[in-house]
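Here's query-v3.txt, which has compact mmCIF, N, CA and C atoms:
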```txt
# COMPACT_ATOMS: atom_id res chain seq x y z
N MET N 1 -13.62 10.94 -6.54
CA MET N 1 -13.17 10.01 -7.56
C MET N 1 -11.94 9.26 -7.03
N SER N 2 -11.91 7.97 -7.21
CA SER N 2 -10.80 7.19 -6.68
C SER N 2 -9.66 7.10 -7.69
N ARG N 3 -8.46 6.95 -7.13
CA ARG N 3 -7.26 6.77 -7.96
C ARG N 3 -6.88 5.30 -7.88
N GLU N 4 -6.56 4.71 -9.03
CA GLU N 4 -6.07 3.34 -9.05
C GLU N 4 -4.56 3.38 -9.21
N VAL N 5 -3.88 2.67 -8.30
CA VAL N 5 -2.43 2.66 -8.28
C VAL N 5 -1.94 1.23 -8.36
N LYS N 6 -1.12 0.94 -9.37
CA LYS N 6 -0.52 -0.38 -9.50
C LYS N 6 0.56 -0.52 -8.43
N LEU N 7 0.87 -1.76 -8.05
CA LEU N 7 1.86 -1.97 -7.01
C LEU N 7 3.22 -1.37 -7.38
N ASN N 8 3.57 -1.40 -8.67
CA ASN N 8 4.86 -0.83 -9.06
C ASN N 8 4.85 0.69 -9.04
N GLU N 9 3.70 1.31 -8.80
CA GLU N 9 3.58 2.76 -8.69
C GLU N 9 3.43 3.22 -7.25
N LEU N 10 3.41 2.26 -6.32
CA LEU N 10 3.16 2.58 -4.91
C LEU N 10 4.25 3.46 -4.32
N THR N 11 5.50 3.21 -4.66
CA THR N 11 6.61 3.99 -4.12
C THR N 11 6.44 5.47 -4.44
N ALA N 12 6.12 5.78 -5.69
CA ALA N 12 5.94 7.17 -6.10
C ALA N 12 4.81 7.83 -5.31
N LEU N 13 3.73 7.09 -5.09
CA LEU N 13 2.62 7.62 -4.31
C LEU N 13 3.05 7.91 -2.88
N LEU N 14 3.73 6.97 -2.26
CA LEU N 14 4.14 7.13 -0.87
C LEU N 14 5.15 8.25 -0.70
N GLU N 15 5.92 8.54 -1.73
CA GLU N 15 6.91 9.62 -1.65
C GLU N 15 6.26 11.00 -1.65
N THR N 16 4.96 11.08 -1.94
CA THR N 16 4.27 12.37 -1.92
C THR N 16 3.89 12.80 -0.51
N ALA N 17 3.98 11.89 0.46
CA ALA N 17 3.61 12.20 1.84
C ALA N 17 4.80 12.77 2.61
N THR N 18 4.49 13.38 3.74
CA THR N 18 5.50 13.93 4.64
C THR N 18 5.74 12.93 5.76
N TYR N 19 7.00 12.66 6.06
CA TYR N 19 7.37 11.67 7.08
C TYR N 19 8.06 12.35 8.24
N PRO N 20 7.90 11.81 9.47
CA PRO N 20 7.16 10.59 9.80
C PRO N 20 5.67 10.76 9.54
N LEU N 21 5.02 9.63 9.21
CA LEU N 21 3.61 9.60 8.82
C LEU N 21 2.90 8.54 9.65
N SER N 22 1.89 8.95 10.39
CA SER N 22 1.14 7.96 11.15
C SER N 22 0.26 7.15 10.20
N VAL N 23 -0.03 5.93 10.58
CA VAL N 23 -0.89 5.08 9.75
C VAL N 23 -2.27 5.71 9.63
N ALA N 24 -2.75 6.31 10.71
CA ALA N 24 -4.07 6.97 10.67
C ALA N 24 -4.08 8.11 9.65
N THR N 25 -3.02 8.89 9.61
CA THR N 25 -2.92 9.98 8.64
C THR N 25 -2.81 9.43 7.23
N ALA N 26 -2.07 8.33 7.06
CA ALA N 26 -1.94 7.70 5.75
C ALA N 26 -3.31 7.25 5.25
N ARG N 27 -4.13 6.68 6.14
CA ARG N 27 -5.49 6.27 5.75
C ARG N 27 -6.28 7.46 5.20
N GLN N 28 -6.18 8.59 5.90
CA GLN N 28 -6.91 9.78 5.47
C GLN N 28 -6.35 10.34 4.17
N GLU N 29 -5.02 10.42 4.09
CA GLU N 29 -4.37 11.02 2.93
C GLU N 29 -4.60 10.21 1.66
N PHE N 30 -4.68 8.89 1.81
CA PHE N 30 -4.81 8.01 0.64
C PHE N 30 -6.17 7.31 0.61
N GLU N 31 -7.19 7.92 1.20
CA GLU N 31 -8.50 7.27 1.28
C GLU N 31 -9.14 7.03 -0.08
N ASP N 32 -8.71 7.76 -1.10
CA ASP N 32 -9.28 7.61 -2.44
C ASP N 32 -8.48 6.66 -3.33
N VAL N 33 -7.47 5.99 -2.76
CA VAL N 33 -6.57 5.14 -3.55
C VAL N 33 -7.01 3.68 -3.48
N ARG N 34 -7.09 3.06 -4.64
CA ARG N 34 -7.33 1.61 -4.74
C ARG N 34 -6.09 0.98 -5.35
N LEU N 35 -5.54 -0.02 -4.67
CA LEU N 35 -4.39 -0.75 -5.19
C LEU N 35 -4.86 -1.75 -6.23
N VAL N 36 -4.18 -1.80 -7.35
CA VAL N 36 -4.51 -2.72 -8.43
C VAL N 36 -3.62 -3.94 -8.29
N TYR N 37 -4.25 -5.10 -8.06
CA TYR N 37 -3.55 -6.37 -7.89
C TYR N 37 -3.64 -7.18 -9.18
N ALA N 38 -2.93 -8.29 -9.18
CA ALA N 38 -3.00 -9.22 -10.30
C ALA N 38 -4.40 -9.80 -10.45
N ASP N 39 -5.15 -9.85 -9.33
CA ASP N 39 -6.47 -10.48 -9.36
C ASP N 39 -7.61 -9.54 -8.96
N GLY N 40 -7.39 -8.23 -9.02
CA GLY N 40 -8.45 -7.29 -8.67
C GLY N 40 -7.90 -6.03 -8.03
N THR N 41 -8.74 -5.36 -7.24
CA THR N 41 -8.32 -4.14 -6.55
C THR N 41 -8.75 -4.20 -5.11
N GLU N 42 -8.15 -3.33 -4.29
CA GLU N 42 -8.50 -3.22 -2.88
C GLU N 42 -8.18 -1.79 -2.44
N PRO N 43 -9.04 -1.20 -1.61
CA PRO N 43 -8.72 0.14 -1.10
C PRO N 43 -7.43 0.09 -0.27
N LEU N 44 -6.55 1.07 -0.48
CA LEU N 44 -5.33 1.15 0.31
C LEU N 44 -5.66 1.28 1.79
N ALA N 45 -6.75 1.97 2.12
CA ALA N 45 -7.15 2.11 3.52
C ALA N 45 -7.40 0.75 4.17
N ALA N 46 -7.96 -0.19 3.42
CA ALA N 46 -8.21 -1.53 3.95
C ALA N 46 -6.89 -2.26 4.23
N VAL N 47 -5.90 -2.06 3.35
CA VAL N 47 -4.58 -2.65 3.58
C VAL N 47 -3.95 -2.03 4.82
N LEU N 48 -4.06 -0.72 4.94
CA LEU N 48 -3.49 -0.03 6.10
C LEU N 48 -4.14 -0.48 7.40
N ASP N 49 -5.40 -0.91 7.35
CA ASP N 49 -6.07 -1.44 8.55
C ASP N 49 -5.37 -2.69 9.06
N ARG N 50 -4.68 -3.42 8.18
CA ARG N 50 -4.00 -4.66 8.58
C ARG N 50 -2.55 -4.44 8.99
N VAL N 51 -2.03 -3.23 8.78
CA VAL N 51 -0.65 -2.91 9.13
C VAL N 51 -0.52 -2.82 10.64
N GLU N 52 0.49 -3.45 11.18
CA GLU N 52 0.68 -3.45 12.64
C GLU N 52 1.42 -2.22 13.14
N ASP N 53 2.13 -1.52 12.26
CA ASP N 53 2.84 -0.30 12.66
C ASP N 53 1.86 0.81 12.99
N GLU N 54 2.31 1.75 13.82
CA GLU N 54 1.51 2.93 14.10
C GLU N 54 2.01 4.14 13.32
N GLN N 55 3.28 4.06 12.89
CA GLN N 55 3.89 5.18 12.18
C GLN N 55 4.93 4.67 11.21
N PHE N 56 5.06 5.39 10.09
CA PHE N 56 6.10 5.11 9.11
C PHE N 56 7.12 6.25 9.18
N ASP N 57 8.40 5.90 9.19
CA ASP N 57 9.44 6.91 9.24
C ASP N 57 9.96 7.30 7.86
N SER N 58 9.61 6.51 6.84
CA SER N 58 10.08 6.79 5.48
C SER N 58 9.14 6.12 4.47
N PRO N 59 9.21 6.54 3.21
CA PRO N 59 8.41 5.87 2.18
C PRO N 59 8.77 4.39 2.06
N ASP N 60 10.05 4.05 2.21
CA ASP N 60 10.47 2.65 2.11
C ASP N 60 9.84 1.80 3.21
N GLU N 61 9.80 2.36 4.42
CA GLU N 61 9.19 1.63 5.53
C GLU N 61 7.69 1.44 5.29
N ALA N 62 7.03 2.48 4.78
CA ALA N 62 5.61 2.39 4.49
C ALA N 62 5.35 1.32 3.43
N GLN N 63 6.16 1.34 2.37
CA GLN N 63 5.98 0.37 1.29
C GLN N 63 6.18 -1.05 1.80
N SER N 64 7.20 -1.27 2.59
CA SER N 64 7.48 -2.60 3.12
C SER N 64 6.31 -3.11 3.96
N SER N 65 5.79 -2.27 4.84
CA SER N 65 4.66 -2.66 5.70
C SER N 65 3.42 -2.95 4.87
N ILE N 66 3.18 -2.14 3.85
CA ILE N 66 2.01 -2.35 2.99
C ILE N 66 2.15 -3.64 2.21
N TYR N 67 3.33 -3.87 1.61
CA TYR N 67 3.55 -5.11 0.87
C TYR N 67 3.36 -6.34 1.75
N ASN N 68 3.79 -6.24 3.01
CA ASN N 68 3.63 -7.37 3.93
C ASN N 68 2.17 -7.62 4.29
N SER N 69 1.30 -6.66 4.02
CA SER N 69 -0.12 -6.78 4.35
C SER N 69 -1.00 -7.09 3.15
N ILE N 70 -0.39 -7.19 1.98
CA ILE N 70 -1.13 -7.51 0.76
C ILE N 70 -1.29 -9.02 0.66
N PRO N 71 -2.49 -9.49 0.33
CA PRO N 71 -2.68 -10.94 0.16
C PRO N 71 -1.75 -11.48 -0.92
N ALA N 72 -1.22 -12.67 -0.71
CA ALA N 72 -0.29 -13.28 -1.66
C ALA N 72 -0.91 -13.39 -3.05
N GLU N 73 -2.21 -13.63 -3.12
CA GLU N 73 -2.88 -13.77 -4.41
C GLU N 73 -2.82 -12.48 -5.22
N GLY N 74 -2.70 -11.34 -4.54
CA GLY N 74 -2.70 -10.07 -5.23
C GLY N 74 -1.41 -9.73 -5.93
N VAL N 75 -0.33 -10.39 -5.53
CA VAL N 75 0.98 -10.02 -6.03
C VAL N 75 1.33 -10.66 -7.36
N GLY N 76 0.89 -11.88 -7.59
CA GLY N 76 1.24 -12.56 -8.83
C GLY N 76 0.23 -13.63 -9.18
N GLU N 77 0.51 -14.32 -10.26
CA GLU N 77 -0.37 -15.39 -10.70
C GLU N 77 -0.26 -16.58 -9.75
N PRO N 78 -1.35 -17.29 -9.51
CA PRO N 78 -1.29 -18.47 -8.67
C PRO N 78 -0.27 -19.47 -9.20
N GLY N 79 0.49 -20.06 -8.28
CA GLY N 79 1.46 -21.08 -8.66
C GLY N 79 2.81 -20.52 -9.06
N GLN N 80 2.94 -19.20 -9.16
CA GLN N 80 4.24 -18.64 -9.51
C GLN N 80 5.17 -18.78 -8.33
N SER N 81 6.45 -18.96 -8.62
CA SER N 81 7.45 -18.94 -7.57
C SER N 81 8.67 -18.23 -8.08
N GLY N 82 9.53 -17.82 -7.16
CA GLY N 82 10.72 -17.09 -7.56
C GLY N 82 11.85 -18.00 -7.98
N GLY N 83 11.77 -19.30 -7.65
CA GLY N 83 12.88 -20.19 -7.95
C GLY N 83 12.66 -21.01 -9.20
N GLY N 84 13.73 -21.58 -9.68
CA GLY N 84 13.64 -22.46 -10.84
C GLY N 84 13.28 -23.85 -10.41
N GLY N 85 12.81 -24.68 -11.36
CA GLY N 85 12.23 -25.89 -11.03
C GLY N 85 12.94 -27.12 -10.99
```

Rendering of file as structure tokens:
Amino acid sequence: MSREVKLNELTALLETATYPLSVATARQEFEDVRLVYADGTEPLAAVLDRVEDEQFDSPDEAQSSIYNSIPAEGVGEPGQSGGGG
């Protein structure tokens, strides 16, 4: 059975692992996790396939690498920006 994890819950999930953590081990450990995006879901293993790192030294490093590998469409509504107009 797969677990669905929202992006704001990713940190808590990553903190359950032991570090340093190889990306290959992360794929195995979280193979049942699907990330819930603004526009759908994606297996965490698929996101990890796009990560260029081979190892994470901390949950923060893992989260940063994963966020950098998430499609922009998954993070927010189309056309949103962080600045005022």

For atom C of Phe56 (chain N) and CA of Asp39 (chain N), the interatomic separation in Å (one decimal) =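 Separation between atom C of Phe56 (chain N) and CA of Asp39 (chain N): 28.4 Å.
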
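Of the residues under consideration (N:Asn8, N:Ser2, N:Ser22, N:Ser65), N:Ser65 shows the shortest atom-to-atom contact distance to Val47 (chain N) when counting all atoms listed in the file.
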
ask   = CA of Ala46 (chain N) and CA of Arg27 (chain N) are how many Å apart?
value =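 Computing the Euclidean distance for CA of Ala46 (chain N) and CA of Arg27 (chain N) yields 8.5 Å.
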
message = Can you pull out the residues contacting region 49-52 of chain N? Cut-off 7 Å, using all atoms listed in the file, and skip same-chain residues under 3 positions away; I want them as a ChimeraX atom specification.
response = /N:44-46,55,65-66,69

inquiry  = Quick check, in Å to one decimal: how far apart do CA of Val5 (chain N) and atom N of Val36 (chain N) lie?
reply    =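 It comes out at 4.9 Å.
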
task = Kindly indicate which residue among N:Arg34, N:Pro20, N:Asp57, N:Gln28 lies nearest to Glu4 (chain N), using all atoms listed in the file for the distances.
result = N:Arg34

key: Among the residues N:Leu7, N:Asp60, N:Tyr67, N:Leu48, the one that comes closest to Ala26 (chain N) [using all atoms listed in the file]   = N:Leu48

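Nearest-residue note for Thr11 (chain N): choosing from N:Gln63, N:Val23, N:Tyr37, N:Glu42, the minimum distance belongs to N:Gln63, counting all atoms listed in the file.
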
query = Among chain N, which residues carry a DSSP assignment of strand (DSSP E or B), reported as a PyMOL selection string?
reply = chain N and resi 3-6+21-22+33-37+40-43+55-56

request  = Among the residues of region 1-70 of chain N, find those DSSP assigns to alpha helix (DSSP H) from the backbone and print them as a PyMOL selection string.
outcome  = chain N and resi 10-14+23-29+44-50+59-69

note = Using only C-alpha atoms, the shortest atom-to-atom distance to Leu13 (chain N) among N:Phe30, N:Pro71, N:Glu61, N:Asp53 belongs to N:Phe30

ask   = So which one's closest to Asp32 (chain N), N:Met1, N:Ala62, N:Ala72, N:Ala12? Using only N, CA and C atoms, please.
value =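 Nearest candidate to Asp32 (chain N) out of N:Met1, N:Ala62, N:Ala72, N:Ala12: N:Met1.
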